[in-house]
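One structure below.
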Amino acid sequence: MHDLVTQADIDAFQRDGVVLIKGLFRDHVDGLRRGIERNMAEPGPYAAENLKAGEGGRFFDDYCNWTRIPEFEQAIRHSPAAEVAADLMQSRQVQMFHDHVLVKEPGTSKPTPWHQDGPYYFVEGKQTVSFWSPMDPVREASLRCVAGSHAWEKPVLPTRWLAETSFYPEDDAYMPVPDPDAEGMDIREWHMEPGDAVAFNYGILHGARGNTTQSRRRAFSLRLVGDDARYVERPGRTSPPYPGHGMTPGQVLREDWFPILYRR
């Protein structure tokens, strides 16, 4: 077990699907900040601006850039993240899925909509973890996670953040997006320092508050999978799409595209 993780953290992650890990990327904050600036200056093909005309601020996100932005690869391969993921997931090995950058500039009042990551992805399994790590002190513009939502009977229908339309055809396999505040759900959020990380299962319903402060809110996310993760087909184009991957349902993710980062 890595010294950043306690047995109580593992128990909380297994039970609630979400836990705070202090200092996970603390030795990589400066590099990740440089990488985010590089990413914003040279966006990838999946980069998005998530505000409508007239909405204040800027909400930028982009993903799948770690192979072209060396600061991201350095943090992914040399931070404790993969070993901590193995501890939390109780997995013998940890495999890369993708990276994600989310930046809310000062005065961005739009919240990140409530969603689960898993339904957007072409991977299924109980051994999954997302790390969400701010590169700026976070008080108001925080990540919010609904504890226990990874154990719900049905996944939540994924939506497009800007268009606010359904990502897949609506059917009985998915439930509508709930309103956790109105429904009194167990919402977890923390005051965080740069390099701290919220660790959560792909099935956790989460969102984030808008950034109405005078400071930037830059976040680096890392998505990893464990032993039981398998490729699955969805009823539409997934995000990330990874065109031409050639995998078939039930297959372990191909290691040349999704390398093993840690083995026990």
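Simple scheme: letters A, B, ... for chains in structure tokens order, numbers from 1 for residues in each chain, numbers from 1 for ligands in the order shown.
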Which of range 84-175 of chain A DSSP labels alpha helix (DSSP H), written as an NGL selection string: :A and (84-89)
Surrounding residues of range 72-89 of chain A excluding itself and chain neighbours under 2 positions, 7 Å, only C-alpha atoms, as a list of chain:residue names: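 Everything that qualifies: A:Met1, A:His2, A:Val5, A:Ile10, A:Phe13, A:Leu24, A:Phe25, A:His28, A:Leu32, A:Gly35, A:Trp66, A:Thr67, A:Ile69, A:Pro70, A:Ser91, A:Arg92, A:Gln93, A:Val94, A:Gln127, A:Thr128, A:Val129, A:Gly226, A:Leu261, A:Tyr262.
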Polymer residues at most 12 Å from Glu164 in chain A, only C-alpha atoms, same-chain spacing of 2 or more positions, as a ChimeraX atom specification: /A:50-52,112-115,157-162,166-167,177
Write the residues of the preceding selection, restricted to N, CA, C and O atoms, as a short mmCIF file (atom, residue, chain, number, x, y, z; two decimals), in the first residue's frame.
```
data_model
loop_
_atom_site.label_atom_id
_atom_site.label_comp_id
_atom_site.auth_asym_id
_atom_site.auth_seq_id
_atom_site.Cartn_x
_atom_site.Cartn_y
_atom_site.Cartn_z
N ASN A 50 -17.19 25.18 -23.76
CA ASN A 50 -18.46 24.69 -23.25
C ASN A 50 -19.42 25.79 -22.80
O ASN A 50 -20.27 25.56 -21.93
N LEU A 51 -19.30 26.97 -23.39
CA LEU A 51 -20.20 28.07 -23.07
C LEU A 51 -20.96 28.52 -24.32
O LEU A 51 -20.43 28.49 -25.43
N LYS A 52 -22.19 28.94 -24.11
CA LYS A 52 -22.98 29.51 -25.19
C LYS A 52 -22.68 31.00 -25.31
O LYS A 52 -22.14 31.61 -24.38
N THR A 112 -20.43 22.51 -14.22
CA THR A 112 -20.31 21.28 -15.00
C THR A 112 -21.55 20.43 -14.72
O THR A 112 -21.86 20.16 -13.57
N PRO A 113 -22.29 20.01 -15.75
CA PRO A 113 -23.54 19.27 -15.51
C PRO A 113 -23.30 17.96 -14.77
O PRO A 113 -22.24 17.33 -14.89
N TRP A 114 -24.30 17.53 -14.00
CA TRP A 114 -24.22 16.22 -13.34
C TRP A 114 -24.15 15.12 -14.38
O TRP A 114 -24.90 15.11 -15.36
N HIS A 115 -23.22 14.18 -14.18
CA HIS A 115 -23.06 13.07 -15.12
C HIS A 115 -22.24 11.96 -14.47
O HIS A 115 -21.56 12.18 -13.47
N LEU A 157 -28.27 8.62 -18.13
CA LEU A 157 -28.12 8.90 -19.55
C LEU A 157 -27.10 10.00 -19.77
O LEU A 157 -27.23 11.10 -19.23
N PRO A 158 -26.04 9.76 -20.56
CA PRO A 158 -25.06 10.82 -20.81
C PRO A 158 -25.63 11.88 -21.75
O PRO A 158 -26.41 11.57 -22.66
N THR A 159 -25.23 13.14 -21.53
CA THR A 159 -25.71 14.24 -22.35
C THR A 159 -24.53 15.05 -22.88
O THR A 159 -23.42 14.97 -22.35
N ARG A 160 -24.77 15.84 -23.90
CA ARG A 160 -23.77 16.78 -24.42
C ARG A 160 -23.84 18.05 -23.59
O ARG A 160 -24.90 18.65 -23.44
N TRP A 161 -22.68 18.48 -23.08
CA TRP A 161 -22.66 19.58 -22.13
C TRP A 161 -23.14 20.89 -22.72
O TRP A 161 -23.81 21.66 -22.05
N LEU A 162 -22.77 21.17 -23.98
CA LEU A 162 -23.14 22.45 -24.57
C LEU A 162 -24.55 22.41 -25.16
O LEU A 162 -25.38 23.26 -24.86
N SER A 166 -29.22 14.40 -25.53
CA SER A 166 -28.80 13.07 -25.13
C SER A 166 -27.67 12.57 -26.03
O SER A 166 -27.69 12.78 -27.24
N PHE A 167 -26.72 11.89 -25.42
CA PHE A 167 -25.57 11.37 -26.16
C PHE A 167 -25.95 10.13 -26.96
O PHE A 167 -25.43 9.90 -28.04
N VAL A 177 -31.11 12.20 -15.84
CA VAL A 177 -30.17 12.86 -14.94
C VAL A 177 -30.94 13.41 -13.73
O VAL A 177 -31.87 14.20 -13.90
#
```
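Within 8 Å of range 247-258 of chain A, once only C-alpha atoms are used and residues closer than 2 positions along the same chain are dropped, the contacting residues are A:Gln95, A:Met96, A:Phe97, A:Ala229, A:Arg230, A:Tyr231, A:Val232, A:Glu233, A:His245, A:Ile260.
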For the residues in that selection, give me N, CA, C and O atoms as a PDB file, in the first residue's frame.
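File again38.pdb, as written:
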```
ATOM      1  N   GLN A  95      -4.120   0.077 -15.794  1.00  0.00           N
ATOM      2  CA  GLN A  95      -3.962   0.354 -17.218  1.00  0.00           C
ATOM      3  C   GLN A  95      -4.436   1.778 -17.512  1.00  0.00           C
ATOM      4  O   GLN A  95      -5.432   2.255 -16.965  1.00  0.00           O
ATOM      5  N   MET A  96      -3.711   2.459 -18.374  1.00  0.00           N
ATOM      6  CA  MET A  96      -4.082   3.800 -18.809  1.00  0.00           C
ATOM      7  C   MET A  96      -5.373   3.765 -19.618  1.00  0.00           C
ATOM      8  O   MET A  96      -5.571   2.867 -20.443  1.00  0.00           O
ATOM      9  N   PHE A  97      -6.262   4.738 -19.379  1.00  0.00           N
ATOM     10  CA  PHE A  97      -7.399   4.934 -20.276  1.00  0.00           C
ATOM     11  C   PHE A  97      -7.254   6.284 -20.986  1.00  0.00           C
ATOM     12  O   PHE A  97      -6.986   6.333 -22.169  1.00  0.00           O
ATOM     13  N   ALA A 229     -11.608  -4.655 -16.240  1.00  0.00           N
ATOM     14  CA  ALA A 229     -12.101  -3.760 -17.289  1.00  0.00           C
ATOM     15  C   ALA A 229     -12.102  -4.460 -18.648  1.00  0.00           C
ATOM     16  O   ALA A 229     -11.116  -5.098 -19.031  1.00  0.00           O
ATOM     17  N   ARG A 230     -13.199  -4.324 -19.365  1.00  0.00           N
ATOM     18  CA  ARG A 230     -13.346  -4.944 -20.683  1.00  0.00           C
ATOM     19  C   ARG A 230     -14.015  -3.976 -21.642  1.00  0.00           C
ATOM     20  O   ARG A 230     -14.855  -3.154 -21.254  1.00  0.00           O
ATOM     21  N   TYR A 231     -13.676  -4.122 -22.926  1.00  0.00           N
ATOM     22  CA  TYR A 231     -14.311  -3.316 -23.965  1.00  0.00           C
ATOM     23  C   TYR A 231     -15.784  -3.693 -24.093  1.00  0.00           C
ATOM     24  O   TYR A 231     -16.147  -4.868 -24.046  1.00  0.00           O
ATOM     25  N   VAL A 232     -16.638  -2.677 -24.252  1.00  0.00           N
ATOM     26  CA  VAL A 232     -18.070  -2.897 -24.429  1.00  0.00           C
ATOM     27  C   VAL A 232     -18.575  -1.944 -25.511  1.00  0.00           C
ATOM     28  O   VAL A 232     -18.051  -0.844 -25.672  1.00  0.00           O
ATOM     29  N   GLU A 233     -19.551  -2.378 -26.280  1.00  0.00           N
ATOM     30  CA  GLU A 233     -20.146  -1.504 -27.288  1.00  0.00           C
ATOM     31  C   GLU A 233     -21.286  -0.707 -26.674  1.00  0.00           C
ATOM     32  O   GLU A 233     -22.045  -1.216 -25.856  1.00  0.00           O
ATOM     33  N   HIS A 245      -9.910   1.436 -33.272  1.00  0.00           N
ATOM     34  CA  HIS A 245      -9.267   0.650 -32.207  1.00  0.00           C
ATOM     35  C   HIS A 245      -9.314  -0.852 -32.469  1.00  0.00           C
ATOM     36  O   HIS A 245      -8.462  -1.601 -31.986  1.00  0.00           O
ATOM     37  N   ILE A 260      -0.028  -0.660 -19.709  1.00  0.00           N
ATOM     38  CA  ILE A 260      -0.023  -0.997 -18.280  1.00  0.00           C
ATOM     39  C   ILE A 260       0.943  -0.028 -17.585  1.00  0.00           C
ATOM     40  O   ILE A 260       2.107   0.087 -17.950  1.00  0.00           O
TER      41      ILE A 260
END
```
Given only C-alpha atoms as the counted atoms, nearest of A:Gly107, A:Gly56, A:Gly148, A:Pro45 to Phe200 in chain A: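 Of A:Gly107, A:Gly56, A:Gly148, A:Pro45, the one nearest Phe200 in chain A is A:Gly148, counting only C-alpha atoms.
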Between CA of Ala147 in chain A and CA of Gly236 in chain A - distance in Å to one decimal: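 A separation of 27.8 Å between them.
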Residues near Ser109 in chain A, cut-off 9 Å, only C-alpha atoms, skip fewer than 4 positions along chain, as a VMD selection string: chain A and resid 55 to 57 104 209 to 212
Would you write out those residues with N, CA, C and O atoms, as an mmCIF file, in the first residue's frame?
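The resulting out.cif:
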```cif
data_model
loop_
_atom_site.group_PDB
_atom_site.id
_atom_site.type_symbol
_atom_site.label_atom_id
_atom_site.label_comp_id
_atom_site.auth_asym_id
_atom_site.auth_seq_id
_atom_site.Cartn_x
_atom_site.Cartn_y
_atom_site.Cartn_z
ATOM 1 N N GLU A 55 -22.579 33.855 -22.386
ATOM 2 C CA GLU A 55 -22.228 33.351 -21.057
ATOM 3 C C GLU A 55 -20.808 33.814 -20.722
ATOM 4 O O GLU A 55 -19.902 33.716 -21.541
ATOM 5 N N GLY A 56 -20.618 34.296 -19.503
ATOM 6 C CA GLY A 56 -19.342 34.887 -19.123
ATOM 7 C C GLY A 56 -18.270 33.859 -18.832
ATOM 8 O O GLY A 56 -18.547 32.712 -18.494
ATOM 9 N N GLY A 57 -17.023 34.308 -18.959
ATOM 10 C CA GLY A 57 -15.888 33.457 -18.629
ATOM 11 C C GLY A 57 -15.471 32.564 -19.786
ATOM 12 O O GLY A 57 -15.741 32.844 -20.961
ATOM 13 N N LYS A 104 -11.767 26.323 -15.974
ATOM 14 C CA LYS A 104 -12.791 27.366 -15.832
ATOM 15 C C LYS A 104 -12.088 28.655 -15.436
ATOM 16 O O LYS A 104 -11.519 28.769 -14.349
ATOM 17 N N ARG A 209 -19.076 23.014 -9.497
ATOM 18 C CA ARG A 209 -19.637 24.357 -9.426
ATOM 19 C C ARG A 209 -18.972 25.264 -10.457
ATOM 20 O O ARG A 209 -17.857 25.003 -10.901
ATOM 21 N N GLY A 210 -19.664 26.335 -10.823
ATOM 22 C CA GLY A 210 -19.062 27.358 -11.650
ATOM 23 C C GLY A 210 -17.935 28.058 -10.896
ATOM 24 O O GLY A 210 -17.779 27.893 -9.680
ATOM 25 N N ASN A 211 -17.149 28.818 -11.631
ATOM 26 C CA ASN A 211 -16.035 29.549 -11.018
ATOM 27 C C ASN A 211 -16.348 31.045 -11.050
ATOM 28 O O ASN A 211 -16.047 31.740 -12.017
ATOM 29 N N THR A 212 -16.960 31.525 -9.980
ATOM 30 C CA THR A 212 -17.309 32.948 -9.899
ATOM 31 C C THR A 212 -16.239 33.748 -9.165
ATOM 32 O O THR A 212 -16.439 34.922 -8.868
#
```
Contacts of Lys22 in chain A at 12 Å (only C-alpha atoms; same-chain gap of 3+ positions) as a PyMOL selection string: chain A and resi 3-6+9+19+25-27+80-81+84+131-134+190-199
Could you dump the residues just selected with N, CA, C and O atoms as an mmCIF file, in the first residue's frame?
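Contents of out-v1.cif, freshly written:
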```cif
data_model
loop_
_atom_site.group_PDB
_atom_site.id
_atom_site.type_symbol
_atom_site.label_atom_id
_atom_site.label_comp_id
_atom_site.auth_asym_id
_atom_site.auth_seq_id
_atom_site.Cartn_x
_atom_site.Cartn_y
_atom_site.Cartn_z
ATOM 1 N N ASP A 3 2.067 5.065 0.776
ATOM 2 C CA ASP A 3 1.902 5.785 2.036
ATOM 3 C C ASP A 3 0.917 6.949 1.946
ATOM 4 O O ASP A 3 0.562 7.530 2.990
ATOM 5 N N LEU A 4 0.462 7.324 0.738
ATOM 6 C CA LEU A 4 -0.600 8.323 0.626
ATOM 7 C C LEU A 4 -1.979 7.744 0.920
ATOM 8 O O LEU A 4 -2.950 8.493 1.065
ATOM 9 N N VAL A 5 -2.071 6.414 0.999
ATOM 10 C CA VAL A 5 -3.353 5.722 1.127
ATOM 11 C C VAL A 5 -3.419 4.977 2.457
ATOM 12 O O VAL A 5 -2.454 4.329 2.860
ATOM 13 N N THR A 6 -4.564 5.062 3.122
ATOM 14 C CA THR A 6 -4.814 4.285 4.332
ATOM 15 C C THR A 6 -5.854 3.212 4.039
ATOM 16 O O THR A 6 -6.562 3.265 3.025
ATOM 17 N N ASP A 9 -9.122 4.788 3.557
ATOM 18 C CA ASP A 9 -9.347 5.311 2.211
ATOM 19 C C ASP A 9 -9.851 4.213 1.282
ATOM 20 O O ASP A 9 -10.789 4.416 0.501
ATOM 21 N N VAL A 19 -13.262 9.192 -2.729
ATOM 22 C CA VAL A 19 -12.432 9.532 -1.575
ATOM 23 C C VAL A 19 -11.441 10.615 -1.997
ATOM 24 O O VAL A 19 -11.089 10.715 -3.184
ATOM 25 N N PHE A 25 -0.583 14.512 -6.724
ATOM 26 C CA PHE A 25 0.258 15.067 -7.800
ATOM 27 C C PHE A 25 1.096 16.247 -7.303
ATOM 28 O O PHE A 25 1.528 17.086 -8.110
ATOM 29 N N ARG A 26 1.362 16.322 -6.010
ATOM 30 C CA ARG A 26 2.005 17.522 -5.462
ATOM 31 C C ARG A 26 3.388 17.770 -6.053
ATOM 32 O O ARG A 26 3.814 18.922 -6.157
ATOM 33 N N ASP A 27 4.099 16.717 -6.447
ATOM 34 C CA ASP A 27 5.429 16.894 -7.039
ATOM 35 C C ASP A 27 5.380 17.203 -8.534
ATOM 36 O O ASP A 27 6.439 17.358 -9.165
ATOM 37 N N PRO A 80 2.622 8.931 -7.961
ATOM 38 C CA PRO A 80 2.118 7.701 -7.323
ATOM 39 C C PRO A 80 0.733 7.290 -7.817
ATOM 40 O O PRO A 80 0.170 6.323 -7.293
ATOM 41 N N ALA A 81 0.165 7.977 -8.805
ATOM 42 C CA ALA A 81 -1.237 7.777 -9.160
ATOM 43 C C ALA A 81 -1.569 6.323 -9.500
ATOM 44 O O ALA A 81 -2.599 5.795 -9.055
ATOM 45 N N VAL A 84 -1.489 4.146 -6.340
ATOM 46 C CA VAL A 84 -2.645 4.498 -5.506
ATOM 47 C C VAL A 84 -3.928 3.936 -6.123
ATOM 48 O O VAL A 84 -4.801 3.426 -5.415
ATOM 49 N N PHE A 131 -9.107 10.266 -11.329
ATOM 50 C CA PHE A 131 -8.514 11.236 -10.404
ATOM 51 C C PHE A 131 -8.773 12.633 -10.968
ATOM 52 O O PHE A 131 -8.432 12.914 -12.124
ATOM 53 N N TRP A 132 -9.353 13.505 -10.153
ATOM 54 C CA TRP A 132 -9.592 14.907 -10.526
ATOM 55 C C TRP A 132 -8.737 15.775 -9.622
ATOM 56 O O TRP A 132 -8.934 15.779 -8.403
ATOM 57 N N SER A 133 -7.775 16.478 -10.194
ATOM 58 C CA SER A 133 -6.798 17.203 -9.385
ATOM 59 C C SER A 133 -6.725 18.660 -9.813
ATOM 60 O O SER A 133 -6.382 18.955 -10.966
ATOM 61 N N PRO A 134 -7.027 19.603 -8.902
ATOM 62 C CA PRO A 134 -6.919 21.013 -9.255
ATOM 63 C C PRO A 134 -5.461 21.464 -9.241
ATOM 64 O O PRO A 134 -4.659 21.022 -8.418
ATOM 65 N N TRP A 190 -14.856 18.954 -1.351
ATOM 66 C CA TRP A 190 -13.764 19.287 -0.443
ATOM 67 C C TRP A 190 -13.105 20.600 -0.834
ATOM 68 O O TRP A 190 -13.066 20.948 -2.018
ATOM 69 N N HIS A 191 -12.540 21.294 0.158
ATOM 70 C CA HIS A 191 -11.552 22.329 -0.113
ATOM 71 C C HIS A 191 -10.258 21.608 -0.474
ATOM 72 O O HIS A 191 -9.828 20.699 0.245
ATOM 73 N N MET A 192 -9.631 22.027 -1.564
ATOM 74 C CA MET A 192 -8.475 21.292 -2.072
ATOM 75 C C MET A 192 -7.330 22.229 -2.393
ATOM 76 O O MET A 192 -7.542 23.376 -2.806
ATOM 77 N N GLU A 193 -6.121 21.709 -2.245
ATOM 78 C CA GLU A 193 -4.906 22.426 -2.622
ATOM 79 C C GLU A 193 -4.372 21.842 -3.931
ATOM 80 O O GLU A 193 -4.697 20.702 -4.290
ATOM 81 N N PRO A 194 -3.552 22.603 -4.665
ATOM 82 C CA PRO A 194 -2.985 22.077 -5.907
ATOM 83 C C PRO A 194 -2.286 20.725 -5.691
ATOM 84 O O PRO A 194 -1.489 20.577 -4.764
ATOM 85 N N GLY A 195 -2.634 19.750 -6.523
ATOM 86 C CA GLY A 195 -2.044 18.418 -6.424
ATOM 87 C C GLY A 195 -2.852 17.429 -5.619
ATOM 88 O O GLY A 195 -2.620 16.219 -5.705
ATOM 89 N N ASP A 196 -3.801 17.902 -4.782
ATOM 90 C CA ASP A 196 -4.752 16.980 -4.162
ATOM 91 C C ASP A 196 -5.601 16.346 -5.260
ATOM 92 O O ASP A 196 -5.723 16.897 -6.368
ATOM 93 N N ALA A 197 -6.228 15.217 -4.972
ATOM 94 C CA ALA A 197 -7.048 14.561 -5.997
ATOM 95 C C ALA A 197 -8.266 13.894 -5.375
ATOM 96 O O ALA A 197 -8.153 13.201 -4.363
ATOM 97 N N VAL A 198 -9.411 14.110 -5.991
ATOM 98 C CA VAL A 198 -10.589 13.307 -5.695
ATOM 99 C C VAL A 198 -10.498 12.058 -6.560
ATOM 100 O O VAL A 198 -10.318 12.144 -7.780
ATOM 101 N N ALA A 199 -10.591 10.891 -5.924
ATOM 102 C CA ALA A 199 -10.600 9.612 -6.635
ATOM 103 C C ALA A 199 -12.028 9.080 -6.647
ATOM 104 O O ALA A 199 -12.657 8.989 -5.582
#
```
Interatomic distance (Å, one decimal) between CA of Asp117 in chain A and CA of Gly44 in chain A: 20.1 Å
All strand (DSSP E or B) positions in range 74-189 of chain A, as a ChimeraX atom specification: /A:93-104,108,112-115,123-124,128-134,138,143-146,156,159,166,175,187-188
Shell of 12 Å around Pro241 in chain A, only C-alpha atoms, local chain residues under 6 positions omitted, as JSON, numbers by chain: {"A": [45, 46, 63, 64, 97, 98, 120, 121, 122, 123, 233, 234]}
Output all heavy atoms for every residue in that selection, as a compact mmCIF listing (two decimals), in the first residue's frame.
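Done, and the output landed in selection-v6.txt:
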```
# COMPACT_ATOMS: atom_id res chain seq x y z
N PRO A 45 -7.76 17.40 -31.25
CA PRO A 45 -8.97 17.30 -32.07
C PRO A 45 -10.27 17.23 -31.28
O PRO A 45 -11.35 17.46 -31.84
CB PRO A 45 -8.75 16.02 -32.88
CG PRO A 45 -7.76 15.23 -32.09
CD PRO A 45 -6.88 16.23 -31.41
N TYR A 46 -10.20 16.92 -29.98
CA TYR A 46 -11.40 16.79 -29.17
C TYR A 46 -11.65 17.99 -28.26
O TYR A 46 -12.56 17.97 -27.43
CB TYR A 46 -11.33 15.52 -28.31
CG TYR A 46 -11.08 14.26 -29.11
CD1 TYR A 46 -10.02 13.41 -28.80
CD2 TYR A 46 -11.90 13.92 -30.18
CE1 TYR A 46 -9.78 12.26 -29.54
CE2 TYR A 46 -11.67 12.78 -30.93
CZ TYR A 46 -10.61 11.94 -30.61
OH TYR A 46 -10.39 10.82 -31.33
N TYR A 63 -9.13 16.23 -24.16
CA TYR A 63 -8.66 14.95 -23.61
C TYR A 63 -7.84 14.18 -24.63
O TYR A 63 -7.77 14.53 -25.81
CB TYR A 63 -9.83 14.11 -23.09
CG TYR A 63 -11.00 13.89 -24.03
CD1 TYR A 63 -10.87 13.12 -25.18
CD2 TYR A 63 -12.26 14.41 -23.74
CE1 TYR A 63 -11.95 12.89 -26.02
CE2 TYR A 63 -13.35 14.19 -24.57
CZ TYR A 63 -13.19 13.43 -25.70
OH TYR A 63 -14.25 13.21 -26.54
N CYS A 64 -7.19 13.13 -24.13
CA CYS A 64 -6.36 12.23 -24.95
C CYS A 64 -5.15 12.96 -25.55
O CYS A 64 -4.87 12.86 -26.76
CB CYS A 64 -7.19 11.57 -26.06
SG CYS A 64 -8.55 10.57 -25.46
N PHE A 97 -6.26 4.74 -19.38
CA PHE A 97 -7.40 4.93 -20.28
C PHE A 97 -7.25 6.28 -20.99
O PHE A 97 -6.99 6.33 -22.17
CB PHE A 97 -8.73 4.80 -19.54
CG PHE A 97 -9.92 4.78 -20.47
CD1 PHE A 97 -9.84 4.18 -21.71
CD2 PHE A 97 -11.11 5.37 -20.10
CE1 PHE A 97 -10.93 4.17 -22.58
CE2 PHE A 97 -12.21 5.37 -20.96
CZ PHE A 97 -12.12 4.77 -22.20
N HIS A 98 -7.37 7.40 -20.26
CA HIS A 98 -7.08 8.67 -20.90
C HIS A 98 -6.92 9.78 -19.87
O HIS A 98 -7.23 9.62 -18.70
CB HIS A 98 -8.14 9.06 -21.93
CG HIS A 98 -9.49 9.44 -21.38
ND1 HIS A 98 -10.41 8.54 -20.97
CD2 HIS A 98 -10.04 10.67 -21.16
CE1 HIS A 98 -11.49 9.16 -20.54
NE2 HIS A 98 -11.30 10.47 -20.63
N TYR A 120 -20.29 7.24 -20.99
CA TYR A 120 -19.66 7.82 -22.18
C TYR A 120 -18.58 6.90 -22.76
O TYR A 120 -18.19 7.05 -23.91
CB TYR A 120 -18.98 9.15 -21.84
CG TYR A 120 -19.90 10.29 -21.49
CD1 TYR A 120 -20.30 10.50 -20.18
CD2 TYR A 120 -20.34 11.19 -22.46
CE1 TYR A 120 -21.12 11.58 -19.84
CE2 TYR A 120 -21.15 12.27 -22.14
CZ TYR A 120 -21.54 12.45 -20.82
OH TYR A 120 -22.35 13.51 -20.48
N TYR A 121 -18.06 5.99 -21.94
CA TYR A 121 -16.86 5.23 -22.28
C TYR A 121 -17.22 3.86 -22.86
O TYR A 121 -18.28 3.30 -22.57
CB TYR A 121 -16.00 5.00 -21.04
CG TYR A 121 -15.50 6.23 -20.33
CD1 TYR A 121 -15.01 6.13 -19.02
CD2 TYR A 121 -15.50 7.48 -20.93
CE1 TYR A 121 -14.54 7.24 -18.35
CE2 TYR A 121 -15.02 8.59 -20.26
CZ TYR A 121 -14.55 8.47 -18.97
OH TYR A 121 -14.09 9.55 -18.29
N PHE A 122 -16.27 3.27 -23.60
CA PHE A 122 -16.47 1.92 -24.14
C PHE A 122 -15.82 0.86 -23.25
O PHE A 122 -15.39 -0.19 -23.72
CB PHE A 122 -16.02 1.80 -25.59
CG PHE A 122 -14.56 2.15 -25.88
CD1 PHE A 122 -13.53 1.72 -25.07
CD2 PHE A 122 -14.25 2.87 -27.02
CE1 PHE A 122 -12.21 2.00 -25.37
CE2 PHE A 122 -12.93 3.17 -27.33
CZ PHE A 122 -11.91 2.73 -26.50
N VAL A 123 -15.79 1.13 -21.95
CA VAL A 123 -15.20 0.18 -21.02
C VAL A 123 -16.17 -0.09 -19.87
O VAL A 123 -16.86 0.82 -19.41
CB VAL A 123 -13.84 0.69 -20.50
CG1 VAL A 123 -13.99 1.96 -19.68
CG2 VAL A 123 -13.11 -0.37 -19.70
N GLU A 233 -19.55 -2.38 -26.28
CA GLU A 233 -20.15 -1.50 -27.29
C GLU A 233 -21.29 -0.71 -26.67
O GLU A 233 -22.04 -1.22 -25.86
CB GLU A 233 -20.64 -2.32 -28.49
CG GLU A 233 -19.50 -2.87 -29.34
CD GLU A 233 -19.98 -3.52 -30.62
OE1 GLU A 233 -21.18 -3.88 -30.69
OE2 GLU A 233 -19.16 -3.69 -31.55
N ARG A 234 -21.40 0.56 -27.08
CA ARG A 234 -22.48 1.45 -26.63
C ARG A 234 -23.43 1.70 -27.79
O ARG A 234 -23.11 1.41 -28.95
CB ARG A 234 -21.89 2.78 -26.15
CG ARG A 234 -20.91 2.66 -24.99
CD ARG A 234 -21.57 2.20 -23.71
NE ARG A 234 -20.65 2.24 -22.57
CZ ARG A 234 -20.86 1.62 -21.43
NH1 ARG A 234 -21.96 0.88 -21.26
NH2 ARG A 234 -19.99 1.70 -20.43
```
Separation of CA of Glu153 in chain A from CA of Pro169 in chain A, in Å and rounded to one decimal: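 Those two atoms sit 19.0 Å apart.
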Pick from A:Arg216, A:Glu49, A:Asp16, A:Gln90, whichever lies nearest to Arg139 in chain A using only C-alpha atoms: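 Checking each candidate against Arg139 in chain A, we get A:Arg216 as the closest.
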